[in-house]
Amino acid sequence: MSASDDQADVERVLAGDISAFEGIVRRWQGPLINLAYRFCHDRGRAEEMAQEAFLRAYRALGQWRKDAVFSTWLFALATNLYRSELRRIPARTVPLDDIAEPADARASDGGLEDRDRDMAVRRAVGALPAKYREALVLFYFHDMDVATAARSLGLPEGTVKARLFRGREILRGKLPQRLAVPRLKEA
Amino acid sequence: MGRLNRHDEDEINRILSREDEILPSSGFAVSVMDAVRREAAAPPPIPFPWKRALPGLVAAGFALALVLVVIGVAITQGASTSSQFSTSLPSASPSFFQENLQYTANWTALALLATWVSVKFSMRLASSGE
């Protein structure tokens with residue numbers, strides 16, 4: 001994905017060529033839908049939220065100051081929209097305290113156990129308080145890049161680091177066995 | 001709550017980094033572009049008619065100020081009159097209340113009239129703007 005392609009398309013759209021916006025949509029539809037999906041874990045809703053994000057981007061295209069890369073601006077706009085959408089209609093999550101720990105996590109089958117554990121951790125992320133969940137979602141979405149996650153959230157890096165740390169600590173506290181077991185199996 | 005050790009952190013990183021990717025449905029880009037074209041074709045939002053509204057706003061502000069002044073004067077006069085009555089003419093209170101009632105009724109009628117005029121005026125403005 002080239003930043004110059006984005007800039008060229010934006011300039012064409014601003015000059016009145018609406019069809020140039022399709023280039024932006026095709027380049028960024030995957031990332032925007034996947035980001036939305038990480039927030040809501042509902043495919044249909046993720047596409048609806050991504051569509052709304054593109055519409056808002058189209059309306060606000062003239063406000064993009066070229067001192068930031070287009071993708072940074074687009075992700076910040078989308079993140080802002082997704083956060084407020086999720087505050088308006090929260091995604092269906094299981095409360096953290098209801099995420100069951102197995103009686104003996106070592107007893108079950110390896111592959112199935114891995115999948116169960118991964119799913120439990122993801123569900124636990126979904127049940128975190130919004131500020132920790134958002135930091136974790138953005139951090140892992142942006143390949144564990146704190147700076148990019150902080151720009152998308154519009155927060156200082158230090159705040160994001162603190163929220164990541166706290167979020168992971170809550171996860172660790174809620175899922176002690178699930179996180180402790182796998183390495184025993186691999187050893 | 002236990003402190004996070006290196007192993008736990010690696011484990012969480014490993015699990016959350018390999019989140020499933022979903023592919024956009026085939027018609028997604030087309031549907032976004034349809035929405036964008038509809039947006040572009042829609043007429044721009046009607047700006048608020050400040051020029052038309054300004055005389056009305058000024059008049060309303062003036063009326064409000066006038067009402068506040070009159071109320072202030074009435075309260076001051078009422079306070080002095082009632083203190084006079086309470087010391088010298090306690091039996092005159094019914095006529096005072098009657099006067100006060102008429103005074104209030106006049107202002108209520110005026111307020112209703114002003115409301116009716118402003119509703120009529122704004123409806124006329126709205127129908128002429130269509």
# chains A, B, ... in the order shown; residues from 1 in each chain; ligands from 1
$ interface_residues --of "chain B" --to "chain A" --cutoff "9 Å" --atoms "only C-alpha atoms" --output "ChimeraX atom specification"
/B:1-4,7-9,11-13,15-25,28-33,35-37,39-40
$ write_last_selection --atoms "C-alpha atoms" --output "compact mmCIF listing (two decimals), in the first residue's frame"
# COMPACT_ATOMS: atom_id res chain seq x y z
CA MET B 1 -3.89 -10.46 41.53
CA GLY B 2 -0.52 -11.95 40.49
CA ARG B 3 2.16 -9.91 38.78
CA LEU B 4 2.64 -10.56 35.10
CA HIS B 7 6.14 -16.10 30.21
CA ASP B 8 2.57 -14.89 30.71
CA GLU B 9 3.25 -11.77 28.69
CA GLU B 11 1.74 -16.15 26.02
CA ILE B 12 -0.77 -13.29 25.84
CA ASN B 13 1.21 -11.70 22.99
CA ILE B 15 -2.46 -15.61 21.50
CA LEU B 16 -3.66 -12.10 20.71
CA SER B 17 -1.28 -11.56 17.79
CA ARG B 18 -2.74 -14.41 15.78
CA GLU B 19 -6.32 -13.20 15.71
CA ASP B 20 -8.29 -14.58 12.73
CA GLU B 21 -8.40 -12.29 9.71
CA ILE B 22 -11.69 -11.86 7.88
CA LEU B 23 -12.04 -10.98 4.21
CA PRO B 24 -14.42 -8.23 3.07
CA SER B 25 -17.52 -9.61 1.36
CA PHE B 28 -18.43 -4.35 0.13
CA ALA B 29 -16.48 -1.83 -1.97
CA VAL B 30 -19.42 -1.41 -4.37
CA SER B 31 -21.81 -0.82 -1.49
CA VAL B 32 -19.48 1.78 0.06
CA MET B 33 -19.16 3.57 -3.29
CA ALA B 35 -23.27 5.19 -0.29
CA VAL B 36 -20.57 7.72 -1.20
CA ARG B 37 -22.31 8.58 -4.49
CA GLU B 39 -23.86 11.28 -0.22
CA ALA B 40 -22.30 13.30 -3.02
$ residues_around --residues "segment 79-83 of chain A" --least-positions-apart "5" --cutoff "7 Å" --atoms "only C-alpha atoms" --output "list in words"
Ala36, Met49, Ala53, Ser152 and Leu153 of chain A
$ atom_distance --atom1 "atom CA of Gly62 of chain A" --atom2 "atom CA of Ala15 of chain A"
10.4 Å
$ atom_distance --atom1 "atom CA of Asn100 of chain B" --atom2 "atom CA of Val119 of chain B"
28.5 Å
$ residues_around --residues "Lys66 of chain A" --least-positions-apart "6" --cutoff "12 Å" --atoms "only C-alpha atoms" --output "list in words"
Ala3, Ser4, Asp6, Gln7, Ala8, Val10, Glu11, Thr72, Trp73 and Leu74 of chain A
$ write_last_selection --atoms "C-alpha atoms" --output "compact mmCIF listing (two decimals), in the first residue's frame"
# COMPACT_ATOMS: atom_id res chain seq x y z
CA ALA A 3 1.09 6.56 0.71
CA SER A 4 1.49 8.39 -2.60
CA ASP A 6 -3.57 7.56 -1.16
CA GLN A 7 -2.51 11.17 -1.56
CA ALA A 8 -3.15 11.10 -5.31
CA VAL A 10 -7.49 12.11 -2.09
CA GLU A 11 -6.49 14.99 -4.36
CA THR A 72 -2.79 7.12 10.37
CA TRP A 73 -5.57 9.67 9.90
CA LEU A 74 -7.95 7.02 8.55
$ residues_around --residues "Leu125 of chain B" --least-positions-apart "2" --cutoff "12 Å" --atoms "only C-alpha atoms" --output "VMD selection string"
chain B and resid 49 51 to 53 56 118 to 123 127 to 130
$ atom_distance --atom1 "atom CA of Val69 of chain A" --atom2 "atom CA of Ser2 of chain A"
10.2 Å
$ select_by_dssp --residues "segment 38-175 of chain A" --states "helix (DSSP H, G or I)" --output "JSON, numbers by chain"
{"A": [38, 39, 40, 43, 44, 45, 46, 47, 48, 49, 50, 51, 52, 53, 54, 55, 56, 57, 58, 59, 61, 62, 63, 70, 71, 72, 73, 74, 75, 76, 77, 78, 79, 80, 81, 82, 83, 84, 85, 86, 87, 88, 96, 97, 98, 110, 111, 112, 113, 114, 115, 116, 117, 118, 119, 120, 121, 122, 123, 124, 125, 126, 130, 131, 132, 133, 134, 135, 136, 137, 138, 139, 140, 141, 146, 147, 148, 149, 150, 151, 152, 153, 157, 158, 159, 160, 161, 162, 163, 164, 165, 166, 167, 168, 169, 170, 171, 172, 173, 174]}
$ decode --residues "segment 3-50 of chain B" --atoms "C-alpha atoms" --output "PDB file, in the first residue's frame"
ATOM      1  CA  ARG B   3       2.160  -9.910  38.781  1.00  0.00           C
ATOM      2  CA  LEU B   4       2.642 -10.564  35.101  1.00  0.00           C
ATOM      3  CA  ASN B   5       5.804 -12.552  34.394  1.00  0.00           C
ATOM      4  CA  ARG B   6       7.672 -12.770  31.111  1.00  0.00           C
ATOM      5  CA  HIS B   7       6.143 -16.099  30.209  1.00  0.00           C
ATOM      6  CA  ASP B   8       2.575 -14.888  30.714  1.00  0.00           C
ATOM      7  CA  GLU B   9       3.250 -11.769  28.695  1.00  0.00           C
ATOM      8  CA  ASP B  10       4.715 -13.836  25.836  1.00  0.00           C
ATOM      9  CA  GLU B  11       1.741 -16.154  26.018  1.00  0.00           C
ATOM     10  CA  ILE B  12      -0.775 -13.294  25.838  1.00  0.00           C
ATOM     11  CA  ASN B  13       1.207 -11.703  22.993  1.00  0.00           C
ATOM     12  CA  ARG B  14       1.264 -14.983  21.107  1.00  0.00           C
ATOM     13  CA  ILE B  15      -2.457 -15.607  21.495  1.00  0.00           C
ATOM     14  CA  LEU B  16      -3.659 -12.099  20.710  1.00  0.00           C
ATOM     15  CA  SER B  17      -1.277 -11.563  17.787  1.00  0.00           C
ATOM     16  CA  ARG B  18      -2.740 -14.407  15.776  1.00  0.00           C
ATOM     17  CA  GLU B  19      -6.322 -13.199  15.707  1.00  0.00           C
ATOM     18  CA  ASP B  20      -8.294 -14.578  12.731  1.00  0.00           C
ATOM     19  CA  GLU B  21      -8.405 -12.292   9.708  1.00  0.00           C
ATOM     20  CA  ILE B  22     -11.690 -11.858   7.878  1.00  0.00           C
ATOM     21  CA  LEU B  23     -12.043 -10.980   4.205  1.00  0.00           C
ATOM     22  CA  PRO B  24     -14.424  -8.235   3.072  1.00  0.00           C
ATOM     23  CA  SER B  25     -17.517  -9.607   1.362  1.00  0.00           C
ATOM     24  CA  SER B  26     -17.463  -9.328  -2.420  1.00  0.00           C
ATOM     25  CA  GLY B  27     -19.900  -6.434  -2.674  1.00  0.00           C
ATOM     26  CA  PHE B  28     -18.434  -4.346   0.133  1.00  0.00           C
ATOM     27  CA  ALA B  29     -16.483  -1.826  -1.966  1.00  0.00           C
ATOM     28  CA  VAL B  30     -19.424  -1.412  -4.371  1.00  0.00           C
ATOM     29  CA  SER B  31     -21.809  -0.822  -1.491  1.00  0.00           C
ATOM     30  CA  VAL B  32     -19.480   1.778   0.056  1.00  0.00           C
ATOM     31  CA  MET B  33     -19.158   3.570  -3.286  1.00  0.00           C
ATOM     32  CA  ASP B  34     -22.961   3.560  -3.705  1.00  0.00           C
ATOM     33  CA  ALA B  35     -23.273   5.186  -0.294  1.00  0.00           C
ATOM     34  CA  VAL B  36     -20.569   7.716  -1.204  1.00  0.00           C
ATOM     35  CA  ARG B  37     -22.312   8.583  -4.486  1.00  0.00           C
ATOM     36  CA  ARG B  38     -25.628   9.027  -2.685  1.00  0.00           C
ATOM     37  CA  GLU B  39     -23.865  11.282  -0.220  1.00  0.00           C
ATOM     38  CA  ALA B  40     -22.299  13.304  -3.024  1.00  0.00           C
ATOM     39  CA  ALA B  41     -25.617  13.599  -4.886  1.00  0.00           C
ATOM     40  CA  ALA B  42     -27.540  14.768  -1.827  1.00  0.00           C
ATOM     41  CA  PRO B  43     -28.133  18.526  -1.722  1.00  0.00           C
ATOM     42  CA  PRO B  44     -25.958  20.390   0.764  1.00  0.00           C
ATOM     43  CA  PRO B  45     -27.577  21.043   4.147  1.00  0.00           C
ATOM     44  CA  ILE B  46     -29.688  24.226   4.267  1.00  0.00           C
ATOM     45  CA  PRO B  47     -27.800  26.900   6.186  1.00  0.00           C
ATOM     46  CA  PHE B  48     -29.609  28.617   9.031  1.00  0.00           C
ATOM     47  CA  PRO B  49     -31.313  31.791   7.682  1.00  0.00           C
ATOM     48  CA  TRP B  50     -29.496  34.275   9.934  1.00  0.00           C
TER      49      TRP B  50
END
